[in-house]
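A.B. asks: This is final13.csv, which holds CSV, C-alpha atoms and all ligand atoms:
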```csv
chain,number,residue,atom,x,y,z
A,1,MET,CA,25.9,4.3,-10.8
A,2,LYS,CA,26.7,2.8,-14.3
A,3,GLU,CA,24.2,0.3,-15.6
A,4,ARG,CA,23.4,-1.4,-18.9
A,5,LEU,CA,20.6,0.3,-20.6
A,6,ASP,CA,18.3,-2.8,-21.0
A,7,LYS,CA,18.9,-3.6,-17.3
A,8,PHE,CA,18.1,-0.1,-16.2
A,9,ILE,CA,14.8,0.0,-18.2
A,10,SER,CA,13.8,-3.4,-16.8
A,11,SER,CA,14.5,-2.3,-13.2
A,12,GLN,CA,12.4,0.9,-13.6
A,13,THR,CA,9.4,-0.6,-15.4
A,14,ALA,CA,7.4,-3.8,-15.6
A,15,LEU,CA,9.3,-4.8,-18.7
A,16,SER,CA,11.5,-8.0,-18.6
A,17,ARG,CA,15.1,-7.7,-19.8
A,18,LYS,CA,14.1,-9.2,-23.2
A,19,GLU,CA,11.1,-6.7,-23.6
A,20,ALA,CA,13.5,-3.8,-22.7
A,21,GLN,CA,15.9,-5.0,-25.4
A,22,LYS,CA,13.0,-5.1,-27.9
A,23,ALA,CA,11.9,-1.6,-26.9
A,24,ILE,CA,15.4,-0.4,-27.7
A,25,ARG,CA,15.5,-2.2,-31.0
A,26,ASP,CA,12.0,-0.8,-31.8
A,27,LYS,CA,13.4,2.7,-31.3
A,28,ARG,CA,11.2,3.5,-28.4
A,29,VAL,CA,14.1,4.5,-26.1
A,30,THR,CA,16.1,7.7,-26.0
A,31,VAL,CA,19.2,8.6,-23.9
A,32,ASN,CA,19.7,12.3,-23.5
A,33,GLY,CA,17.2,12.9,-26.3
A,34,GLU,CA,19.0,10.6,-28.8
A,35,LEU,CA,17.5,7.4,-30.1
A,36,SER,CA,19.5,4.5,-28.7
A,37,ARG,CA,20.3,1.6,-30.9
A,38,SER,CA,22.4,-0.5,-28.6
A,39,VAL,CA,21.0,-2.6,-25.8
A,40,ASP,CA,24.3,-3.0,-24.0
A,41,ILE,CA,25.5,0.6,-23.7
A,42,LYS,CA,26.2,1.7,-20.2
A,43,ILE,CA,24.4,4.7,-18.8
A,44,ASP,CA,24.9,6.7,-15.7
A,45,THR,CA,21.7,6.1,-13.7
A,46,GLU,CA,21.8,9.5,-12.0
A,47,ALA,CA,23.1,11.8,-14.8
A,48,ASP,CA,21.6,10.4,-18.1
A,49,ALA,CA,18.1,11.1,-19.1
A,50,VAL,CA,16.4,7.9,-20.3
A,51,ALA,CA,12.9,8.0,-21.9
A,52,LEU,CA,10.7,5.1,-22.9
A,53,ASN,CA,7.9,5.9,-25.4
A,54,GLY,CA,8.7,9.5,-24.9
A,55,LYS,CA,8.2,9.3,-21.1
A,56,ALA,CA,11.2,10.0,-18.8
A,57,LEU,CA,12.3,7.2,-16.5
A,58,THR,CA,13.6,8.8,-13.3
A,59,TYR,CA,16.0,6.6,-11.4
A,60,GLN,CA,14.5,5.3,-8.2
A,61,THR,CA,15.6,2.5,-6.0
A,62,HIS,CA,12.2,1.9,-4.6
A,63,VAL,CA,8.7,3.2,-5.1
A,64,TYR,CA,5.9,3.9,-2.6
A,65,TYR,CA,2.3,4.1,-3.7
A,66,MET,CA,-0.9,5.1,-1.8
A,67,MET,CA,-4.0,3.4,-3.1
A,68,ASN,CA,-7.6,4.1,-2.0
A,69,LYS,CA,-8.5,0.4,-2.2
A,70,PRO,CA,-12.0,-0.2,-3.5
A,71,SER,CA,-14.2,-3.0,-2.2
A,72,GLY,CA,-14.1,-6.3,-4.1
A,73,VAL,CA,-10.4,-6.6,-4.8
A,74,VAL,CA,-8.0,-8.7,-2.7
A,75,SER,CA,-4.8,-7.5,-1.1
A,76,ALA,CA,-2.5,-10.0,-2.8
A,77,THR,CA,0.0,-10.0,-5.7
A,78,GLU,CA,-1.8,-12.7,-7.5
A,79,ASP,CA,-4.9,-14.7,-7.2
A,80,ARG,CA,-6.4,-17.4,-9.5
A,81,VAL,CA,-10.0,-16.2,-9.0
A,82,GLU,CA,-10.2,-12.7,-7.6
A,83,ARG,CA,-9.0,-9.4,-9.0
A,84,THR,CA,-6.0,-8.1,-7.0
A,85,VAL,CA,-4.8,-4.7,-6.0
A,86,LEU,CA,-2.0,-5.1,-8.6
A,87,ASP,CA,-4.5,-5.9,-11.3
A,88,ILE,CA,-6.1,-2.5,-11.0
A,89,LEU,CA,-2.8,-0.5,-11.1
A,90,PRO,CA,-2.5,1.8,-14.2
A,91,PRO,CA,0.1,0.4,-16.6
A,92,GLU,CA,2.5,3.3,-16.0
A,93,LEU,CA,2.8,2.5,-12.3
A,94,ARG,CA,3.4,-1.2,-12.8
A,95,ARG,CA,6.8,-2.3,-11.7
A,96,LYS,CA,8.5,-5.6,-10.8
A,97,GLY,CA,8.5,-6.7,-7.1
A,98,LEU,CA,5.5,-4.5,-6.1
A,99,PHE,CA,3.4,-5.9,-3.3
A,100,PRO,CA,0.8,-4.6,-0.8
A,101,ALA,CA,2.5,-3.7,2.5
A,102,GLY,CA,-0.2,-5.2,4.8
A,103,ARG,CA,-3.6,-6.4,3.9
A,104,LEU,CA,-7.2,-5.2,3.9
A,105,ASP,CA,-10.1,-7.6,3.6
A,106,LYS,CA,-11.7,-7.9,0.2
A,107,ASP,CA,-14.7,-5.7,1.4
A,108,THR,CA,-12.6,-3.2,3.3
A,109,THR,CA,-11.8,0.1,1.6
A,110,GLY,CA,-9.2,2.8,2.1
A,111,MET,CA,-5.5,3.3,2.5
A,112,LEU,CA,-3.3,0.6,1.2
A,113,ILE,CA,0.4,1.1,0.6
A,114,LEU,CA,2.1,-0.7,-2.3
A,115,THR,CA,5.9,-0.8,-2.5
A,116,ASP,CA,8.8,-2.9,-3.7
A,117,ASP,CA,10.8,-2.0,-0.6
A,118,GLY,CA,10.8,-5.1,1.6
A,119,ASP,CA,12.6,-3.5,4.5
A,120,TYR,CA,10.0,-0.6,4.6
A,121,ALA,CA,7.1,-3.1,4.7
A,122,HIS,CA,8.8,-5.2,7.3
A,123,ARG,CA,9.3,-2.2,9.6
A,124,MET,CA,5.8,-1.0,9.0
A,125,LEU,CA,4.3,-4.4,9.8
A,126,SER,CA,6.6,-5.3,12.7
A,127,PRO,CA,4.6,-5.7,16.0
A,128,LYS,CA,7.5,-4.0,17.7
A,129,LYS,CA,7.0,-0.7,15.9
A,130,HIS,CA,3.4,-0.4,17.2
A,131,VAL,CA,2.3,1.5,14.0
A,132,LYS,CA,-1.2,2.8,14.6
A,133,LYS,CA,-3.9,2.3,12.0
A,134,ARG,CA,-7.1,4.3,12.1
A,135,TYR,CA,-10.3,2.9,10.7
A,136,ILE,CA,-13.9,4.2,10.3
A,137,ALA,CA,-16.3,1.4,11.1
A,138,THR,CA,-20.0,1.5,10.3
A,139,LEU,CA,-21.9,-0.8,12.7
A,140,ASP,CA,-25.2,-2.4,12.4
A,141,ARG,CA,-26.6,-0.3,15.2
A,142,SER,CA,-25.6,2.7,17.4
A,143,PRO,CA,-23.0,1.6,19.9
A,144,ASP,CA,-23.3,2.4,23.6
A,145,ASP,CA,-20.7,4.5,25.4
A,146,SER,CA,-19.0,1.5,27.0
A,147,ILE,CA,-17.2,0.6,23.7
A,148,SER,CA,-14.5,3.3,24.3
A,149,VAL,CA,-13.7,1.7,27.7
A,150,ARG,CA,-13.8,-1.8,26.3
A,151,PHE,CA,-11.3,-0.9,23.6
A,152,GLU,CA,-9.1,0.9,26.1
A,153,GLU,CA,-9.0,-2.2,28.3
A,154,GLY,CA,-8.2,-4.5,25.4
A,155,VAL,CA,-11.0,-6.4,23.8
A,156,VAL,CA,-11.0,-10.2,24.3
A,157,LEU,CA,-12.0,-11.9,21.0
A,158,ARG,CA,-14.5,-14.7,21.0
A,159,ASP,CA,-11.7,-17.3,20.6
A,160,GLY,CA,-10.0,-15.9,23.8
A,161,THR,CA,-7.3,-13.8,22.1
A,162,VAL,CA,-6.6,-10.7,24.0
A,163,CYS,CA,-6.1,-7.5,21.9
A,164,LYS,CA,-3.8,-4.7,23.0
A,165,SER,CA,-5.4,-1.5,24.2
A,166,GLY,CA,-7.0,0.5,21.4
A,167,GLN,CA,-9.2,3.5,21.0
A,168,ALA,CA,-12.8,3.8,19.8
A,169,SER,CA,-14.8,7.0,19.6
A,170,LEU,CA,-18.3,7.4,18.3
A,171,LEU,CA,-18.5,9.8,15.3
A,172,ASP,CA,-22.2,9.9,14.6
A,173,GLY,CA,-25.0,7.4,14.4
A,174,THR,CA,-23.4,4.1,13.7
A,175,ARG,CA,-20.0,5.3,12.7
A,176,VAL,CA,-17.0,4.7,15.0
A,177,ALA,CA,-13.4,5.8,14.7
A,178,VAL,CA,-11.0,3.1,15.8
A,179,GLU,CA,-7.3,3.1,16.4
A,180,ILE,CA,-5.3,-0.1,16.9
A,181,SER,CA,-1.6,-0.9,16.7
A,182,GLU,CA,-1.9,-4.6,15.8
A,183,GLY,CA,-2.8,-6.4,12.6
A,184,LYS,CA,-4.6,-9.6,13.6
A,185,TYR,CA,-6.7,-11.3,11.0
A,186,HIS,CA,-10.1,-9.5,10.6
A,187,GLN,CA,-9.2,-7.7,13.8
A,188,VAL,CA,-11.5,-4.8,13.8
A,189,LYS,CA,-14.5,-6.9,12.7
A,190,ARG,CA,-13.7,-9.5,15.4
A,191,MET,CA,-13.3,-6.9,18.1
A,192,PHE,CA,-16.7,-5.5,17.3
A,193,ALA,CA,-18.2,-9.0,17.0
A,194,ALA,CA,-16.8,-9.8,20.5
A,195,LEU,CA,-18.7,-6.7,21.8
A,196,GLY,CA,-21.9,-7.8,20.0
A,197,TYR,CA,-21.8,-5.6,16.9
A,198,HIS,CA,-21.6,-6.4,13.2
A,199,VAL,CA,-19.3,-4.2,11.0
A,200,GLU,CA,-21.2,-3.3,7.9
A,201,ALA,CA,-18.4,-1.2,6.3
A,202,LEU,CA,-14.8,-0.6,7.2
A,203,GLU,CA,-12.4,2.0,5.8
A,204,ARG,CA,-8.8,2.6,6.7
A,205,VAL,CA,-8.1,6.3,6.8
A,206,ARG,CA,-4.7,6.7,8.4
A,207,ILE,CA,-1.5,4.7,9.1
A,208,GLY,CA,0.8,6.3,11.7
A,209,SER,CA,0.6,10.0,10.7
A,210,LEU,CA,-0.1,9.3,7.0
A,211,GLU,CA,-3.6,10.3,6.1
A,212,LEU,CA,-5.6,8.8,3.2
A,213,ASP,CA,-5.4,11.4,0.4
A,214,GLY,CA,-9.0,12.7,0.0
A,215,ASP,CA,-8.4,13.4,-3.7
A,216,LEU,CA,-8.0,9.7,-4.4
A,217,ALA,CA,-11.3,8.1,-5.5
A,218,PRO,CA,-11.8,4.4,-4.7
A,219,GLY,CA,-9.5,2.4,-7.0
A,220,GLU,CA,-7.1,5.3,-7.6
A,221,VAL,CA,-3.5,5.3,-6.7
A,222,ARG,CA,-0.6,7.8,-6.6
A,223,GLU,CA,3.1,7.7,-6.0
A,224,MET,CA,4.3,9.1,-2.6
A,225,THR,CA,7.7,10.6,-1.8
A,226,LYS,CA,9.8,8.6,0.7
A,227,ASP,CA,9.3,11.3,3.3
A,228,GLU,CA,5.6,11.0,2.9
A,229,ALA,CA,5.8,7.2,3.1
A,230,ASP,CA,7.9,7.5,6.3
A,231,LEU,CA,5.0,9.3,8.0
A,232,VAL,CA,3.7,5.9,8.9
A,233,PHE,CA,6.4,5.7,11.5
A,234,SER,CA,5.4,8.9,13.3
A,235,ASP,CA,2.6,8.8,15.7
A,236,LYS,CA,-0.6,10.8,15.9
A,237,SER,CA,-3.5,9.8,18.2
A,238,VAL,CA,-7.3,10.0,17.8
A,301,LIG,N1,-9.6,-5.2,10.5
A,301,LIG,C1,-10.5,-6.0,9.8
A,301,LIG,O1,-11.4,-6.6,10.3
A,301,LIG,N2,-10.4,-6.0,8.4
A,301,LIG,C2,-9.5,-5.2,7.7
A,301,LIG,O2,-9.5,-5.3,6.5
A,301,LIG,C3,-8.6,-4.5,8.5
A,301,LIG,C4,-8.7,-4.5,9.9
```
Could you write out this file's structure as structure tokens?
Ligand code: URA

C.D. replies:
Amino acid sequence: MKERLDKFISSQTALSRKEAQKAIRDKRVTVNGELSRSVDIKIDTEADAVALNGKALTYQTHVYYMMNKPSGVVSATEDRVERTVLDILPPELRRKGLFPAGRLDKDTTGMLILTDDGDYAHRMLSPKKHVKKRYIATLDRSPDDSISVRFEEGVVLRDGTVCKSGQASLLDGTRVAVEISEGKYHQVKRMFAALGYHVEALERVRIGSLELDGDLAPGEVREMTKDEADLVFSDKSV
């Protein structure tokens, strides 16, 4: 595809069109290794090698990031008071139109996907797709065996909302692995509250068949391939 250089740079980075033009004028942009002086030359987005500040910009229509969300940041694109998951992204991964596909509570940790692909997020969050999410919940006390059956039957929340059948299995002590395919507000915490437990810590470790990358420390994020991102649509049970 042919595209104006400034438009291309702006689409592949967090820079506005004006900032991209300035970068070109400031001699920070090369096309096929040559310094570019003109903001309005047309480049071939697949064939030409464009670099900004010496770093290659590879043409991508959409990006998919996996974050190991730390506690204390909110799953939003902006917030007047709180730090958001976008605020903690390293500058080289910033890009226009990025948003978290789904939400984790401020104190919940673990896998969060960030993308600029609205269709992907819509498919992932659609109740019709029944995408399973796996969490590790640490409870205030050891649960009894009945929790597995209660989850299987469908927990009734304190406000009367009936949850779809899920799975819960005791890992050790107070830690329980939970799989649910819905995304109601504070769902896991409310399910346990309905059974008389308090969730002290909650971590999301899998979405569909996509596992949280164990090499990501809390707060770290990395780009995924589209194939990897699509693992959320394949199923794997507890
Ligand atoms: N369930 C919750 O209660 N909180 C989350 O962040 C995710 C699922």

A.B. asks: At a cut-off of 12 Å, can you tabulate as a Markdown table every residue of region 153-204 of chain A near region 109-122 of chain A together with its closest atom pair and the distance in Å to one decimal, using all atoms listed in the file and ordering rows by chain then number?

C.D. replies:
```
| residue | atom | partner | partner_atom | distance |
| --- | --- | --- | --- | --- |
| A:Glu200 | CA | A:Thr109 | CA | 11.8 |
| A:Ala201 | CA | A:Thr109 | CA | 8.2 |
| A:Leu202 | CA | A:Thr109 | CA | 6.4 |
| A:Glu203 | CA | A:Thr109 | CA | 4.6 |
| A:Arg204 | CA | A:Gly110 | CA | 4.6 |
```

A.B. asks: Taking the point (-22.9, 0.3, 22.3) as given in the file, collect each protein or nucleic acid residue that comes within 10 Å of it, counting all atoms listed in the file, and present the set as a PyMOL selection string.

C.D. replies: chain A and resi 139+141-148+170+174+192+195-197

A.B. asks: Rounded to one decimal, what separation in Å do you get between CA of Val85 (chain A) and CA of Lys128 (chain A)?

C.D. replies: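 Rounded to one decimal, the two atoms are 26.7 Å apart.
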
A.B. asks: To one decimal place, how far is CA of Leu35 (chain A) from CA of Gly54 (chain A) in Å?

C.D. replies: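 Separation of CA of Leu35 (chain A) and CA of Gly54 (chain A): 10.4 Å.
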
A.B. asks: Show me which residues line ligand LIG 301 (chain A), defined as having an atom within 6 Å of a ligand atom where all atoms listed in the file count, and present them as a ChimeraX atom specification.

C.D. replies: /A:104-105,108,186-189

A.B. asks: Of the residues A:Leu157, A:Pro127, A:Val63, A:Ser181, which is the one nearest to Leu98 (chain A), using only C-alpha atoms?

C.D. replies: A:Val63
